[in-house]
Amino acid sequence: MAYTFSKMRPRNLVQKSAAERLALAALRAFLDPEEPELVALLVRLWHHQGRAITYKQLREAIIYGDLSVIEWEQWQQDYVKFVTLYLRPKYVEAMQAAAEEIQRRHPDWYFDPYAEGVLEWCETRAASFVTEVTAAQVDGLRTVIQRAAVMQDMSVDSLSRVIRPMVGLTKPQATANLKYYQKLIEDGMSQKKARDKAIRYASRQHRYRGYNIARTELAFAYNQGSYEGTKQAQAKGYMGETVKVWCTADDERVCQICGALEGSQVAMDDDFDFDTKLAGPANPTIRRVPPAHPSCRCAVIYKEISPPDYGIPTV
């Protein structure tokens, strides 16, 4: 998954209800302090993966024009470990945070992090994350290696030193970095100075990608937690029939996709109507709740349209 931001456009701000403001504030209150830790862990992982590749391997990859000499399968194992140690626990933490509003309204109710729906979603999302992030990374490095293989005006040794810091970048990011390096050389800059600038550029790109991933994955889990919490509360008789209402961030940075969804109302188990690159066979519930795209800042409020069929049960 490339994790690129959607285009944004100015829009007239919509007056938010108290429930919408509360939902958006709760989402941001969770995301803002949690994102930096995941970003730091991802950047550290990418640096480790880059250092694990030798210049000899990169030189051979450039000569042959492919990644066959690089054991990129190890990257997948790195992401499995990252998910197990860090990301999956954050999924559960995000879901529990999302369910706190229900618990404030119903103190006797509690969110069950071991419920079947929670475990199934975490398992599916974790597997999808590993596959998508690894594939995007492989695509990025393969692209610049193939481009480097036909650059006859630059030495293989120089190119290998430029490319290694790109490990962890997506195809658009890695391509942009290599073009940046080429332009600096064409403008007369020395290879060493151009390489240093490209390395610093890659560091900024890593942090950008890290924040995009952290924000998207935490928003995935938080919004799914709101959904699962509501389902659990309904099953226990604390909530009646509900509908879902899409709520965009209260500013002018809302993208066209989400702007069109503002205020959309659907039944509890129905999907919202939008196109997204996040969807696929491994993500069958993507349109059930936000995010609609990487770094989406939307939330959903659950509006009860009828009371429970029976009173608060004995738990």
# chains A, B, ... in the order shown; residues from 1 in each chain; ligands from 1

call {"tool": "residues_around", "arguments": {"residues": "Trp109 in chain A", "least_positions_apart": "4", "cutoff": "9 Å", "atoms": "only C-alpha atoms", "output": "PyMOL selection string"}}
result
chain A and resi 102-105+233+236+238+315

call {"tool": "residues_around", "arguments": {"residues": "Ala98 in chain A", "least_positions_apart": "3", "cutoff": "12 Å", "atoms": "only C-alpha atoms", "output": "PyMOL selection string"}}
result
chain A and resi 22-31+91-95+101-104+110-111+113+218-230+299-301

call {"tool": "atom_distance", "arguments": {"atom1": "CA of Ala52 in chain A", "atom2": "CA of Lys179 in chain A"}}
result
24.3 Å

call {"tool": "closest_residue", "arguments": {"among": "A:Thr134, A:Leu141, A:Ser17, A:Leu41", "to": "Leu85 in chain A", "atoms": "only C-alpha atoms"}}
result
A:Leu41

call {"tool": "closest_residue", "arguments": {"among": "A:Leu169, A:Ala194, A:Met239, A:Leu159", "to": "Ala135 in chain A", "atoms": "only C-alpha atoms"}}
result
A:Leu169

call {"tool": "closest_residue", "arguments": {"among": "A:Arg253, A:Lys231, A:Arg207, A:Arg21", "to": "Cys296 in chain A", "atoms": "only C-alpha atoms"}}
result
A:Arg253

call {"tool": "residues_around", "arguments": {"residues": "Asp153 in chain A", "least_positions_apart": "3", "cutoff": "12 Å", "atoms": "only C-alpha atoms", "output": "PyMOL selection string"}}
result
chain A and resi 148-150+156+158-159+182+185-186

call {"tool": "residues_around", "arguments": {"residues": "Ala127 in chain A", "least_positions_apart": "2", "cutoff": "12 Å", "atoms": "only C-alpha atoms", "output": "list in words"}}
result
Gln76, Gln77, Tyr79, Val80, Lys81, Phe82, Val83, Thr84, Leu87, Arg88, Glu120, Trp121, Cys122, Glu123, Thr124, Arg125, Phe129, Val130, Thr131, Glu132, Val133, Thr134, Pro281, Ala282 and Asn283 of chain A

call {"tool": "atom_distance", "arguments": {"atom1": "CA of Gly117 in chain A", "atom2": "CA of Gly263 in chain A"}}
result
26.2 Å

call {"tool": "select_by_dssp", "arguments": {"residues": "range 185-276 of chain A", "states": "strand (DSSP E or B)", "output": "PyMOL selection string"}}
result
chain A and resi 242-247+255+265-267

call {"tool": "write_last_selection", "arguments": {"atoms": "N, CA and C atoms", "output": "compact mmCIF listing (two decimals), in the first residue's frame"}}
result
# COMPACT_ATOMS: atom_id res chain seq x y z
N THR A 242 -29.47 1.28 15.56
CA THR A 242 -28.72 2.50 15.27
C THR A 242 -28.48 2.65 13.78
N VAL A 243 -28.19 3.86 13.40
CA VAL A 243 -27.69 4.15 12.05
C VAL A 243 -26.33 4.82 12.20
N LYS A 244 -25.53 4.72 11.14
CA LYS A 244 -24.20 5.33 11.14
C LYS A 244 -24.24 6.63 10.33
N VAL A 245 -23.60 7.66 10.86
CA VAL A 245 -23.55 8.95 10.18
C VAL A 245 -22.08 9.34 9.99
N TRP A 246 -21.69 9.59 8.75
CA TRP A 246 -20.29 9.95 8.43
C TRP A 246 -20.03 11.38 8.84
N CYS A 247 -18.92 11.59 9.50
CA CYS A 247 -18.57 12.91 10.04
C CYS A 247 -17.15 13.28 9.61
N CYS A 255 -10.91 16.25 1.98
CA CYS A 255 -10.75 15.92 0.57
C CYS A 255 -12.11 15.77 -0.12
N GLN A 265 -25.87 8.84 5.85
CA GLN A 265 -26.44 7.98 6.88
C GLN A 265 -26.80 6.63 6.27
N VAL A 266 -26.31 5.55 6.90
CA VAL A 266 -26.61 4.21 6.42
C VAL A 266 -26.94 3.32 7.62
N ALA A 267 -27.53 2.18 7.34
CA ALA A 267 -27.85 1.23 8.40
C ALA A 267 -26.56 0.68 9.03

call {"tool": "select_by_dssp", "arguments": {"residues": "range 10-59 of chain A", "states": "helix (DSSP H, G or I)", "output": "PyMOL selection string"}}
result
chain A and resi 18-52+55-59

call {"tool": "closest_residue", "arguments": {"among": "A:Trp75, A:Tyr114, A:Phe272, A:Tyr55", "to": "Val289 in chain A", "atoms": "only C-alpha atoms"}}
result
A:Phe272

call {"tool": "closest_residue", "arguments": {"among": "A:Val162, A:Trp72, A:Arg59, A:Ser295", "to": "Gly210 in chain A", "atoms": "only C-alpha atoms"}}
result
A:Ser295

call {"tool": "closest_residue", "arguments": {"among": "A:Tyr302, A:Pro308, A:Pro290, A:Thr216", "to": "Gln234 in chain A", "atoms": "only C-alpha atoms"}}
result
A:Pro308
